[in-house]
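Dumped run_6.pdb below, it's PDB, C-alpha atoms (C1' of nucleotides):
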```
ATOM      1  CA  MET X   1      38.177  28.426 -23.313
ATOM      2  CA  ARG X   2      38.808  26.120 -26.161
ATOM      3  CA  LYS X   3      38.279  27.813 -29.487
ATOM      4  CA  ASP X   4      36.226  26.471 -32.343
ATOM      5  CA  SER X   5      38.111  27.109 -35.563
ATOM      6  CA  ARG X   6      35.718  25.316 -37.885
ATOM      7  CA  LEU X   7      34.190  28.475 -39.312
ATOM      8  CA  SER X   8      37.574  30.001 -39.942
ATOM      9  CA  ARG X   9      38.865  26.839 -41.540
ATOM     10  CA  VAL X  10      35.875  26.286 -43.758
ATOM     11  CA  LEU X  11      35.928  29.853 -45.014
ATOM     12  CA  HIS X  12      39.541  29.344 -45.890
ATOM     13  CA  VAL X  13      38.750  26.223 -47.855
ATOM     14  CA  LEU X  14      35.798  27.696 -49.706
ATOM     15  CA  ILE X  15      37.751  30.667 -50.931
ATOM     16  CA  HIS X  16      40.643  28.538 -52.094
ATOM     17  CA  MET X  17      38.077  26.369 -53.803
ATOM     18  CA  GLY X  18      36.716  29.392 -55.610
ATOM     19  CA  ALA X  19      40.150  30.000 -57.037
ATOM     20  CA  SER X  20      40.629  26.417 -58.178
ATOM     21  CA  HIS X  21      39.219  24.904 -61.345
ATOM     22  CA  GLU X  22      39.843  21.328 -60.353
ATOM     23  CA  PRO X  23      38.334  19.413 -57.435
ATOM     24  CA  LEU X  24      40.111  19.761 -54.123
ATOM     25  CA  SER X  25      40.708  16.543 -52.207
ATOM     26  CA  SER X  26      40.661  16.132 -48.444
ATOM     27  CA  SER X  27      44.330  15.313 -48.586
ATOM     28  CA  ARG X  28      45.266  18.570 -50.300
ATOM     29  CA  ILE X  29      42.971  20.569 -48.047
ATOM     30  CA  GLY X  30      44.453  18.767 -45.064
ATOM     31  CA  ASP X  31      47.861  20.009 -46.145
ATOM     32  CA  MET X  32      46.483  23.522 -46.394
ATOM     33  CA  LEU X  33      44.921  23.411 -42.945
ATOM     34  CA  VAL X  34      47.724  21.375 -41.413
ATOM     35  CA  THR X  35      45.407  18.648 -40.275
ATOM     36  CA  ASN X  36      44.122  15.188 -40.996
ATOM     37  CA  PRO X  37      42.083  14.370 -44.119
ATOM     38  CA  VAL X  38      39.319  12.904 -41.971
ATOM     39  CA  VAL X  39      38.974  16.140 -40.065
ATOM     40  CA  VAL X  40      38.595  17.841 -43.419
ATOM     41  CA  ARG X  41      35.894  15.429 -44.544
ATOM     42  CA  ARG X  42      33.969  16.109 -41.373
ATOM     43  CA  LEU X  43      34.131  19.816 -42.046
ATOM     44  CA  MET X  44      33.122  19.402 -45.662
ATOM     45  CA  ALA X  45      30.178  17.185 -44.780
ATOM     46  CA  ASN X  46      28.408  20.240 -43.407
ATOM     47  CA  LEU X  47      29.052  22.246 -46.544
ATOM     48  CA  SER X  48      27.907  19.384 -48.711
ATOM     49  CA  LYS X  49      24.638  18.899 -46.837
ATOM     50  CA  ALA X  50      23.971  22.608 -47.069
ATOM     51  CA  GLY X  51      24.492  22.533 -50.817
ATOM     52  CA  PHE X  52      27.508  24.790 -51.001
ATOM     53  CA  ILE X  53      29.786  22.187 -52.516
ATOM     54  CA  THR X  54      29.429  19.157 -54.758
ATOM     55  CA  THR X  55      31.199  15.882 -54.175
ATOM     56  CA  ILE X  56      33.095  14.334 -57.044
ATOM     57  CA  PRO X  57      33.651  10.708 -56.131
ATOM     58  CA  GLY X  58      36.447   8.392 -57.065
ATOM     59  CA  ARG X  59      39.943   8.957 -58.276
ATOM     60  CA  GLY X  60      40.778  12.536 -59.107
ATOM     61  CA  GLY X  61      37.720  13.586 -57.148
ATOM     62  CA  GLY X  62      37.146  15.851 -54.209
ATOM     63  CA  TRP X  63      34.842  18.808 -53.951
ATOM     64  CA  VAL X  64      33.965  21.772 -56.088
ATOM     65  CA  LEU X  65      31.813  24.804 -55.361
ATOM     66  CA  ALA X  66      28.136  24.310 -56.115
ATOM     67  CA  GLN X  67      27.556  28.052 -55.993
ATOM     68  CA  PRO X  68      29.713  31.048 -56.813
ATOM     69  CA  LEU X  69      31.328  32.730 -53.820
ATOM     70  CA  SER X  70      29.282  35.816 -54.568
ATOM     71  CA  LYS X  71      26.149  33.917 -53.560
ATOM     72  CA  ILE X  72      27.484  32.708 -50.210
ATOM     73  CA  THR X  73      27.603  34.991 -47.198
ATOM     74  CA  MET X  74      29.709  34.506 -44.137
ATOM     75  CA  PHE X  75      26.488  34.048 -42.222
ATOM     76  CA  ASP X  76      25.476  31.123 -44.430
ATOM     77  CA  VAL X  77      28.622  29.347 -43.335
ATOM     78  CA  TYR X  78      28.409  30.550 -39.752
ATOM     79  CA  GLN X  79      25.004  28.950 -39.429
ATOM     80  CA  LEU X  80      26.435  25.538 -40.170
ATOM     81  CA  PHE X  81      28.564  25.461 -37.071
ATOM     82  CA  GLY X  82      26.941  25.724 -33.715
ATOM     83  CA  GLU X  83      24.727  28.714 -34.142
ATOM     84  CA  GLY X  84      23.651  29.806 -30.700
ATOM     85  CA  THR X  85      26.928  28.842 -29.106
ATOM     86  CA  LEU X  86      28.836  31.942 -30.041
ATOM     87  CA  PHE X  87      29.739  33.025 -26.531
ATOM     88  CA  THR X  88      31.743  31.277 -23.889
ATOM     89  CA  LEU X  89      29.571  32.847 -21.215
ATOM     90  CA  GLY X  90      26.925  30.605 -19.795
ATOM     91  CA  LEU X  91      23.867  31.507 -17.822
ATOM     92  CA  THR X  92      23.005  29.627 -14.692
ATOM     93  CA  ASP X  93      19.655  28.080 -14.055
ATOM     94  CA  GLU X  94      20.040  26.477 -10.691
ATOM     95  CA  HIS X  95      16.984  28.185  -9.294
ATOM     96  CA  THR X  96      14.402  29.301 -11.730
ATOM     97  CA  ASN X  97      12.536  30.948  -8.876
ATOM     98  CA  CYS X  98      15.314  33.299  -7.730
ATOM     99  CA  VAL X  99      14.469  36.806  -8.867
ATOM    100  CA  ILE X 100      18.092  37.865  -8.710
ATOM    101  CA  GLU X 101      19.177  35.080 -11.020
ATOM    102  CA  LYS X 102      16.347  35.936 -13.358
ATOM    103  CA  SER X 103      17.382  39.563 -13.408
ATOM    104  CA  ILE X 104      20.999  38.693 -14.154
ATOM    105  CA  ASN X 105      20.066  36.282 -16.881
ATOM    106  CA  ARG X 106      17.710  38.767 -18.455
ATOM    107  CA  GLU X 107      20.381  41.463 -18.606
ATOM    108  CA  LEU X 108      23.200  39.195 -19.698
ATOM    109  CA  ASP X 109      20.999  37.608 -22.307
ATOM    110  CA  ALA X 110      19.966  40.998 -23.653
ATOM    111  CA  VAL X 111      23.551  42.141 -23.965
ATOM    112  CA  LEU X 112      24.717  38.956 -25.628
ATOM    113  CA  ASN X 113      21.765  38.806 -27.985
ATOM    114  CA  GLU X 114      22.329  42.349 -29.104
ATOM    115  CA  ALA X 115      25.980  41.583 -29.786
ATOM    116  CA  GLU X 116      25.129  38.393 -31.624
ATOM    117  CA  GLN X 117      22.613  40.221 -33.765
ATOM    118  CA  LEU X 118      25.280  42.721 -34.678
ATOM    119  CA  ILE X 119      27.580  39.910 -35.692
ATOM    120  CA  ILE X 120      24.863  38.214 -37.692
ATOM    121  CA  ASP X 121      23.997  41.411 -39.534
ATOM    122  CA  ARG X 122      27.607  42.008 -40.407
ATOM    123  CA  MET X 123      28.057  38.435 -41.552
ATOM    124  CA  LYS X 124      24.935  38.544 -43.668
ATOM    125  CA  SER X 125      26.314  41.483 -45.581
ATOM    126  CA  LEU X 126      29.679  39.854 -46.164
ATOM    127  CA  LYS X 127      29.921  37.768 -49.328
ATOM    128  CA  LEU X 128      32.733  35.284 -49.547
ATOM    129  CA  SER X 129      33.714  36.818 -52.861
ATOM    130  CA  GLU X 130      34.624  39.943 -50.936
ATOM    131  CA  LEU X 131      36.989  37.983 -48.753
ATOM    132  CA  ALA X 132      38.819  36.661 -51.774
ATOM    133  CA  GLN X 133      40.228  40.045 -52.656
TER     134      GLN X 133
ATOM    135  CA  MET B   1      31.192  24.493 -26.585
ATOM    136  CA  ARG B   2      31.514  24.338 -22.857
ATOM    137  CA  LYS B   3      30.070  27.380 -21.160
ATOM    138  CA  ASP B   4      31.810  29.418 -18.509
ATOM    139  CA  SER B   5      29.274  30.308 -15.842
ATOM    140  CA  ARG B   6      31.657  32.020 -13.452
ATOM    141  CA  LEU B   7      30.553  35.523 -14.331
ATOM    142  CA  SER B   8      26.925  34.617 -13.941
ATOM    143  CA  ARG B   9      27.553  32.857 -10.662
ATOM    144  CA  VAL B  10      29.661  35.606  -9.172
ATOM    145  CA  LEU B  11      27.139  38.275 -10.080
ATOM    146  CA  HIS B  12      24.530  36.200  -8.350
ATOM    147  CA  VAL B  13      26.629  35.977  -5.206
ATOM    148  CA  LEU B  14      27.539  39.653  -5.112
ATOM    149  CA  ILE B  15      23.963  40.778  -5.335
ATOM    150  CA  HIS B  16      22.832  38.396  -2.633
ATOM    151  CA  MET B  17      25.725  39.675  -0.588
ATOM    152  CA  GLY B  18      24.500  43.199  -1.063
ATOM    153  CA  ALA B  19      21.207  42.212   0.481
ATOM    154  CA  SER B  20      22.800  40.476   3.458
ATOM    155  CA  HIS B  21      24.088  42.185   6.560
ATOM    156  CA  GLU B  22      26.029  39.232   7.847
ATOM    157  CA  PRO B  23      28.999  37.530   6.213
ATOM    158  CA  LEU B  24      28.184  34.828   3.688
ATOM    159  CA  SER B  25      30.150  31.601   4.021
ATOM    160  CA  SER B  26      31.282  29.368   1.188
ATOM    161  CA  SER B  27      28.987  26.700   2.486
ATOM    162  CA  ARG B  28      25.898  28.881   2.295
ATOM    163  CA  ILE B  29      26.884  30.240  -1.098
ATOM    164  CA  GLY B  30      27.541  26.693  -2.246
ATOM    165  CA  ASP B  31      23.968  25.855  -1.339
ATOM    166  CA  MET B  32      22.778  28.859  -3.341
ATOM    167  CA  LEU B  33      24.779  27.907  -6.412
ATOM    168  CA  VAL B  34      24.232  24.185  -5.977
ATOM    169  CA  THR B  35      27.913  23.455  -5.896
ATOM    170  CA  ASN B  36      30.857  22.677  -3.672
ATOM    171  CA  PRO B  37      32.223  25.149  -1.095
ATOM    172  CA  VAL B  38      35.681  24.878  -2.629
ATOM    173  CA  VAL B  39      34.361  25.913  -6.004
ATOM    174  CA  VAL B  40      32.880  28.923  -4.285
ATOM    175  CA  ARG B  41      36.151  29.830  -2.614
ATOM    176  CA  ARG B  42      37.881  29.717  -5.966
ATOM    177  CA  LEU B  43      35.338  32.093  -7.404
ATOM    178  CA  MET B  44      35.557  34.420  -4.434
ATOM    179  CA  ALA B  45      39.348  34.501  -4.563
ATOM    180  CA  ASN B  46      39.118  36.605  -7.716
ATOM    181  CA  LEU B  47      36.706  39.039  -6.125
ATOM    182  CA  SER B  48      38.858  39.288  -3.050
ATOM    183  CA  LYS B  49      42.034  40.032  -4.992
ATOM    184  CA  ALA B  50      40.185  42.679  -6.951
ATOM    185  CA  GLY B  51      39.016  44.331  -3.763
ATOM    186  CA  PHE B  52      35.306  43.835  -4.203
ATOM    187  CA  ILE B  53      34.866  41.749  -1.081
ATOM    188  CA  THR B  54      36.505  41.463   2.322
ATOM    189  CA  THR B  55      37.308  38.192   4.016
ATOM    190  CA  ILE B  56      36.185  37.669   7.565
ATOM    191  CA  PRO B  57      38.172  34.749   8.910
ATOM    192  CA  GLY B  58      37.273  32.222  11.547
ATOM    193  CA  ARG B  59      34.037  31.019  12.972
ATOM    194  CA  GLY B  60      31.006  32.998  11.850
ATOM    195  CA  GLY B  61      33.095  34.456   9.061
ATOM    196  CA  GLY B  62      32.791  34.492   5.320
ATOM    197  CA  TRP B  63      32.797  37.465   2.996
ATOM    198  CA  VAL B  64      31.160  40.854   2.929
ATOM    199  CA  LEU B  65      31.083  43.503   0.236
ATOM    200  CA  ALA B  66      34.004  45.917   0.369
ATOM    201  CA  GLN B  67      32.172  48.347  -1.877
ATOM    202  CA  PRO B  68      28.511  49.148  -2.410
ATOM    203  CA  LEU B  69      26.906  47.510  -5.429
ATOM    204  CA  SER B  70      26.385  50.941  -6.920
ATOM    205  CA  LYS B  71      30.137  51.260  -7.361
ATOM    206  CA  ILE B  72      30.618  47.963  -9.150
ATOM    207  CA  THR B  73      29.771  47.564 -12.815
ATOM    208  CA  MET B  74      29.154  44.318 -14.611
ATOM    209  CA  PHE B  75      32.279  45.059 -16.600
ATOM    210  CA  ASP B  76      34.373  45.190 -13.428
ATOM    211  CA  VAL B  77      33.343  41.631 -12.700
ATOM    212  CA  TYR B  78      33.532  40.523 -16.312
ATOM    213  CA  GLN B  79      37.162  41.562 -16.417
ATOM    214  CA  LEU B  80      38.045  39.119 -13.686
ATOM    215  CA  PHE B  81      37.161  36.085 -15.739
ATOM    216  CA  GLY B  82      38.919  35.454 -18.970
ATOM    217  CA  GLU B  83      38.662  38.785 -20.678
ATOM    218  CA  GLY B  84      39.511  38.259 -24.294
ATOM    219  CA  THR B  85      38.015  34.818 -24.418
ATOM    220  CA  LEU B  86      34.450  35.900 -24.923
ATOM    221  CA  PHE B  87      33.846  34.100 -28.195
ATOM    222  CA  THR B  88      33.975  30.437 -28.999
ATOM    223  CA  LEU B  89      35.185  31.269 -32.488
ATOM    224  CA  GLY B  90      38.880  30.884 -33.026
ATOM    225  CA  LEU B  91      41.022  32.221 -35.803
ATOM    226  CA  THR B  92      43.485  30.003 -37.548
ATOM    227  CA  ASP B  93      47.110  30.839 -37.964
ATOM    228  CA  GLU B  94      48.490  27.865 -39.771
ATOM    229  CA  HIS B  95      50.025  29.977 -42.501
ATOM    230  CA  THR B  96      50.779  33.516 -41.666
ATOM    231  CA  ASN B  97      51.751  34.075 -45.280
ATOM    232  CA  CYS B  98      48.435  33.074 -46.852
ATOM    233  CA  VAL B  99      46.646  36.223 -48.000
ATOM    234  CA  ILE B 100      43.292  34.498 -47.904
ATOM    235  CA  GLU B 101      43.732  33.473 -44.289
ATOM    236  CA  LYS B 102      44.841  36.989 -43.461
ATOM    237  CA  SER B 103      41.801  38.449 -45.136
ATOM    238  CA  ILE B 104      39.444  36.102 -43.269
ATOM    239  CA  ASN B 105      41.090  36.783 -39.953
ATOM    240  CA  ARG B 106      40.980  40.496 -40.525
ATOM    241  CA  GLU B 107      37.266  40.476 -41.253
ATOM    242  CA  LEU B 108      36.342  38.023 -38.522
ATOM    243  CA  ASP B 109      38.434  39.884 -36.029
ATOM    244  CA  ALA B 110      36.831  43.190 -36.951
ATOM    245  CA  VAL B 111      33.346  41.781 -36.528
ATOM    246  CA  LEU B 112      34.109  40.123 -33.215
ATOM    247  CA  ASN B 113      35.928  43.141 -31.836
ATOM    248  CA  GLU B 114      33.051  45.390 -32.691
ATOM    249  CA  ALA B 115      30.653  43.051 -30.946
ATOM    250  CA  GLU B 116      32.884  42.732 -27.916
ATOM    251  CA  GLN B 117      33.197  46.485 -27.667
ATOM    252  CA  LEU B 118      29.435  46.752 -27.710
ATOM    253  CA  ILE B 119      29.217  44.238 -24.880
ATOM    254  CA  ILE B 120      31.887  46.025 -22.893
ATOM    255  CA  ASP B 121      30.172  49.376 -23.297
ATOM    256  CA  ARG B 122      26.895  47.929 -22.150
ATOM    257  CA  MET B 123      28.516  46.216 -19.188
ATOM    258  CA  LYS B 124      30.343  49.356 -18.168
ATOM    259  CA  SER B 125      27.059  51.200 -17.916
ATOM    260  CA  LEU B 126      25.418  48.477 -15.869
ATOM    261  CA  LYS B 127      25.835  48.839 -12.111
ATOM    262  CA  LEU B 128      25.194  45.799 -10.007
ATOM    263  CA  SER B 129      22.780  47.828  -7.925
ATOM    264  CA  GLU B 130      20.584  48.020 -11.011
ATOM    265  CA  LEU B 131      20.489  44.235 -11.215
ATOM    266  CA  ALA B 132      19.258  43.978  -7.670
ATOM    267  CA  GLN B 133      15.905  45.482  -8.506
TER     268      GLN B 133
ATOM    269  C1'  DT R   1      38.995  22.924  23.540
ATOM    270  C1'  DT R   2      36.087  22.651  19.772
ATOM    271  C1'  DA R   3      33.376  23.952  15.876
ATOM    272  C1'  DA R   4      33.045  26.940  11.974
ATOM    273  C1'  DC R   5      35.251  29.246   8.814
ATOM    274  C1'  DA R   6      38.955  30.613   4.577
ATOM    275  C1'  DG R   7      42.903  29.267   1.629
ATOM    276  C1'  DT R   8      45.012  26.056  -1.147
ATOM    277  C1'  DA R   9      46.997  21.944  -3.168
ATOM    278  C1'  DA R  10      45.981  17.780  -5.578
ATOM    279  C1'  DC R  11      43.266  15.024  -8.227
ATOM    280  C1'  DA R  12      38.925  13.320 -10.693
ATOM    281  C1'  DA R  13      34.995  14.247 -13.781
ATOM    282  C1'  DT R  14      33.095  16.262 -17.807
ATOM    283  C1'  DA R  15      32.433  18.015 -22.334
ATOM    284  C1'  DT R  16      33.858  19.119 -26.994
ATOM    285  C1'  DA R  17      36.770  20.144 -30.895
ATOM    286  C1'  DT R  18      40.388  17.856 -32.810
ATOM    287  C1'  DG R  19      43.384  14.000 -34.176
ATOM    288  C1'  DT R  20      43.880   9.215 -35.751
ATOM    289  C1'  DT R  21      43.088   4.516 -37.511
ATOM    290  C1'  DA R  22      40.407   1.467 -40.116
ATOM    291  C1'  DC R  23      37.310  -0.006 -43.518
ATOM    292  C1'  DA R  24      33.594  -0.034 -47.161
ATOM    293  C1'  DC R  25      32.533   1.934 -51.461
ATOM    294  C1'  DT R  26      33.368   4.519 -55.938
ATOM    295  C1'  DT R  27      35.841   5.910 -60.082
ATOM    296  C1'  DA R  28      39.587   7.098 -63.343
ATOM    297  C1'  DT R  29      43.722   5.194 -65.306
ATOM    298  C1'  DG R  30      47.047   2.099 -66.996
TER     299       DG R  30
ATOM    300  C1'  DC D   1      40.733  -5.827 -64.824
ATOM    301  C1'  DA D   2      43.677  -4.477 -61.171
ATOM    302  C1'  DT D   3      45.141  -0.583 -58.745
ATOM    303  C1'  DA D   4      45.551   3.890 -56.962
ATOM    304  C1'  DA D   5      43.070   7.873 -55.457
ATOM    305  C1'  DG D   6      39.169   9.455 -53.794
ATOM    306  C1'  DT D   7      34.738  10.097 -50.202
ATOM    307  C1'  DG D   8      31.911   8.642 -46.113
ATOM    308  C1'  DT D   9      31.769   7.064 -41.689
ATOM    309  C1'  DA D  10      32.448   4.587 -37.397
ATOM    310  C1'  DA D  11      35.318   4.111 -33.453
ATOM    311  C1'  DC D  12      38.564   5.573 -30.445
ATOM    312  C1'  DA D  13      42.374   8.677 -28.569
ATOM    313  C1'  DT D  14      43.953  13.472 -27.308
ATOM    314  C1'  DA D  15      43.863  17.962 -25.439
ATOM    315  C1'  DT D  16      42.065  21.537 -22.586
ATOM    316  C1'  DA D  17      39.444  24.268 -19.387
ATOM    317  C1'  DT D  18      35.633  24.495 -16.125
ATOM    318  C1'  DT D  19      33.762  22.118 -12.559
ATOM    319  C1'  DG D  20      33.621  18.804  -8.719
ATOM    320  C1'  DT D  21      35.830  16.601  -4.707
ATOM    321  C1'  DT D  22      38.953  15.358  -0.858
ATOM    322  C1'  DA D  23      42.247  16.664   2.383
ATOM    323  C1'  DC D  24      44.905  19.594   4.938
ATOM    324  C1'  DT D  25      46.604  24.038   7.391
ATOM    325  C1'  DG D  26      45.550  28.094   9.821
ATOM    326  C1'  DT D  27      42.314  31.398  12.148
ATOM    327  C1'  DT D  28      38.676  32.883  15.226
ATOM    328  C1'  DA D  29      34.481  32.799  18.094
ATOM    329  C1'  DA D  30      31.994  30.305  21.575
TER     330       DA D  30
END
```
Spit out the file's structure as C-alpha cells when you get a sec.
Amino acid sequence: MRKDSRLSRVLHVLIHMGASHEPLSSSRIGDMLVTNPVVVRRLMANLSKAGFITTIPGRGGGWVLAQPLSKITMFDVYQLFGEGTLFTLGLTDEHTNCVIEKSINRELDAVLNEAEQLIIDRMKSLKLSELAQ
Amino acid sequence: MRKDSRLSRVLHVLIHMGASHEPLSSSRIGDMLVTNPVVVRRLMANLSKAGFITTIPGRGGGWVLAQPLSKITMFDVYQLFGEGTLFTLGLTDEHTNCVIEKSINRELDAVLNEAEQLIIDRMKSLKLSELAQ
DNA sequence: TTAACAGTAACAATATATGTTACACTTATG
DNA sequence: CATAAGTGTAACATATATTGTTACTGTTAA
C-alpha cells in the first residue's frame, strides 16, 4: 500500500521550527523535506488551521510556532491527518445480512480498534518537545 | 487511503467453505463477494499456495478446505497479504543524517510496532472456527 | 463433444498522496 | 515606488496498488 508520510513530515517540520528563531519559508522547508514548496504549504495549512503555527506574510515571512513544542502532543498532529484511516485493512460490507461477514467485521474491528487506541494513548503522552532531544 | 479488503474477503470465503460440503467455484464465490471470478481466483491462489485449500479441477470443481477451520488462525491468513504494510503511516528517510528525523522515526516505529504486535498476538489466538459461530 | 471449471496474462479503472505550474495577493527592502 | 520574497489556492499531472475485466489455455465430468 501507498504510505502517507504527512504526519512524519509535519512532525519533522514542527521540531525544526521549534529550534529556529526566524520564520521558516515553504522553500526552505521544501529543501528539508526534498519536495515542492506547494506540497509544504498544503501540509502547513492543516497546522495553521489547527492553531499550531502562525503565518507571517510577505517577504521574509513563513511560519513560526504559535505554541511551544511542550504543549503539542504527537496525537494533536496525528489528528490532523486522516484520523480513522490508520490501517490499510478494509472491512467488506457487500452483504449486511450475512452473519459470517458480520462476525468477521466485529472481530477485525475489535482488534484494530484496540490497536488504534493503544497508538492514540501513546501519542497523547508524547510531547513534541520530547522528540527534539 | 485505499483500503485492502483481501484479508476480510478471504476470511469470508474460508468460513463459508467450512460450512459447505461441495467445492466452491470462483463464480459462486464471486457472487458472494460481489466481484469478478478472476478476482476470486487471484485471492484463492494465495490460499492454495499456502496449503489452506485444495483445488478440484474440471467441471463441478472449485476449492475445498485442506485443513479444518480450527487449525487456521486469523494470523495465518493475515500473513498471506502484505504483512508489514498494516499501517497507512509512512516514515520519511530523506536525510538519514538528521537527528530529528531519526528521533521521530524511532518513536513512531516503536509505537506502530507495539500496536502491530498486539494485533498479531490477537490474530494468532483467533481460530477461524471461532468466527464461524 | 460440450459445458463447467481453474490458472494466468494483459489491460483498464479507481483512488489518493504527491508533484508541478500558474496566478493573485501581501510585505519588507532598496 | 518597484521588486523580490513570501503565502494561499486552483488546476492538472504522476505514481502506485487494489480491483475490475477480457481472453485464452488446459482439465474434467456428463
Can you check which parts of chain D lie within 7 Å of chain X? Per residue, the shortest pair of atoms and distance in Å to one decimal, counting only C-alpha atoms (C1' of nucleotides), sorted by chain and number, as CSV.
```
residue,atom,partner,partner_atom,distance
D:DA5,C1',X:Arg59,CA,4.3
D:DG6,C1',X:Gly58,CA,4.4
D:DT7,C1',X:Pro57,CA,6.1
D:DT16,C1',X:Arg2,CA,6.7
D:DA17,C1',X:Met1,CA,5.9
```
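Here CA of Ser70 in chain B is placed at a distance of 25.6 Å from CA of Ala115 in chain B.
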Exercise. Could you name the residues that touch range 118-123 of chain X at 9 Å or less, counting all atoms listed in the file, but leaving out those on the same chain fewer than 4 positions away, as a list of chain:residue names?
Worked result: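 Listing them by chain and then by number gives X:Thr73, X:Met74, X:Phe75, X:Asp76, X:Tyr78, X:Asn113, X:Glu114, X:Lys127, B:Leu108, B:Val111, B:Leu112, B:Glu114, B:Ala115.
Here CA of Pro37 in chain B is placed at a distance of 25.9 Å from CA of Thr85 in chain B.
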Problem set entry | Minimum-distance residue to DA13 in chain D, chosen among R:DG30, R:DA24, R:DG19, R:DT1 (using all atoms listed in the file) |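 Using all atoms listed in the file, the shortest distance to DA13 in chain D belongs to R:DG19.
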Exercise. Could you list, as a PyMOL selection string, every residue of chain X that has an atom within 9 Å of an atom of chain B, counting all atoms listed in the file?
Worked result: chain X and resi 1-9+11-12+15-16+32-34+82+85-92+94-95+99-101+103-105+107-108+111-112+114-119+122-123+131-133
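Residue nearest chain B within the list R:DT16, R:DT8, R:DT2, R:DA28: R:DT16 [criterion: smallest interatomic distance, all atoms listed in the file].
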For this session: Identify all chain R residues at most 10 Å from chain X by counting all atoms listed in the file; ligands do not count. Present them as a list in words.
Result: DT16, DA17, DT18, DG19, DT20, DC25, DT26, DT27, DA28 and DT29 of chain R
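What the PyMOL selection byres ((chain R and resi 12) around 9) matches in the given file is DC11 and DA13 of chain R; DG20 and DT21 of chain D.
Residues surrounding Met44 in chain B within 8 Å are Val10, Val40 and Ser48 of chain B [all atoms listed in the file; sequence separation below 4 positions excluded].
If you look at CA of Leu14 in chain X and C1' of DT14 in chain D, they are 27.8 Å away from each other.
Using all atoms listed in the file for every distance, the candidate list X:Gly30, X:Gly18, X:Gly51, X:Pro23 yields X:Gly18 as the residue closest to Leu69 in chain X.
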I'd like the neighbourhood of DC23 in chain R as a short mmCIF file (atom, residue, chain, number, x, y, z; two decimals) with C-alpha atoms (C1' of nucleotides), keeping the file's coordinate frame, where a residue qualifies if any of its atoms comes within 12 Å (using only C-alpha atoms (C1' of nucleotides)), though same-chain residues fewer than 6 positions away should be ignored.
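Output below, filename part-v9.cif:
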```cif
data_model
loop_
_atom_site.label_atom_id
_atom_site.label_comp_id
_atom_site.auth_asym_id
_atom_site.auth_seq_id
_atom_site.Cartn_x
_atom_site.Cartn_y
_atom_site.Cartn_z
"C1'" DG D 8 31.91 8.64 -46.11
"C1'" DT D 9 31.77 7.06 -41.69
"C1'" DA D 10 32.45 4.59 -37.40
"C1'" DA D 11 35.32 4.11 -33.45
#
```
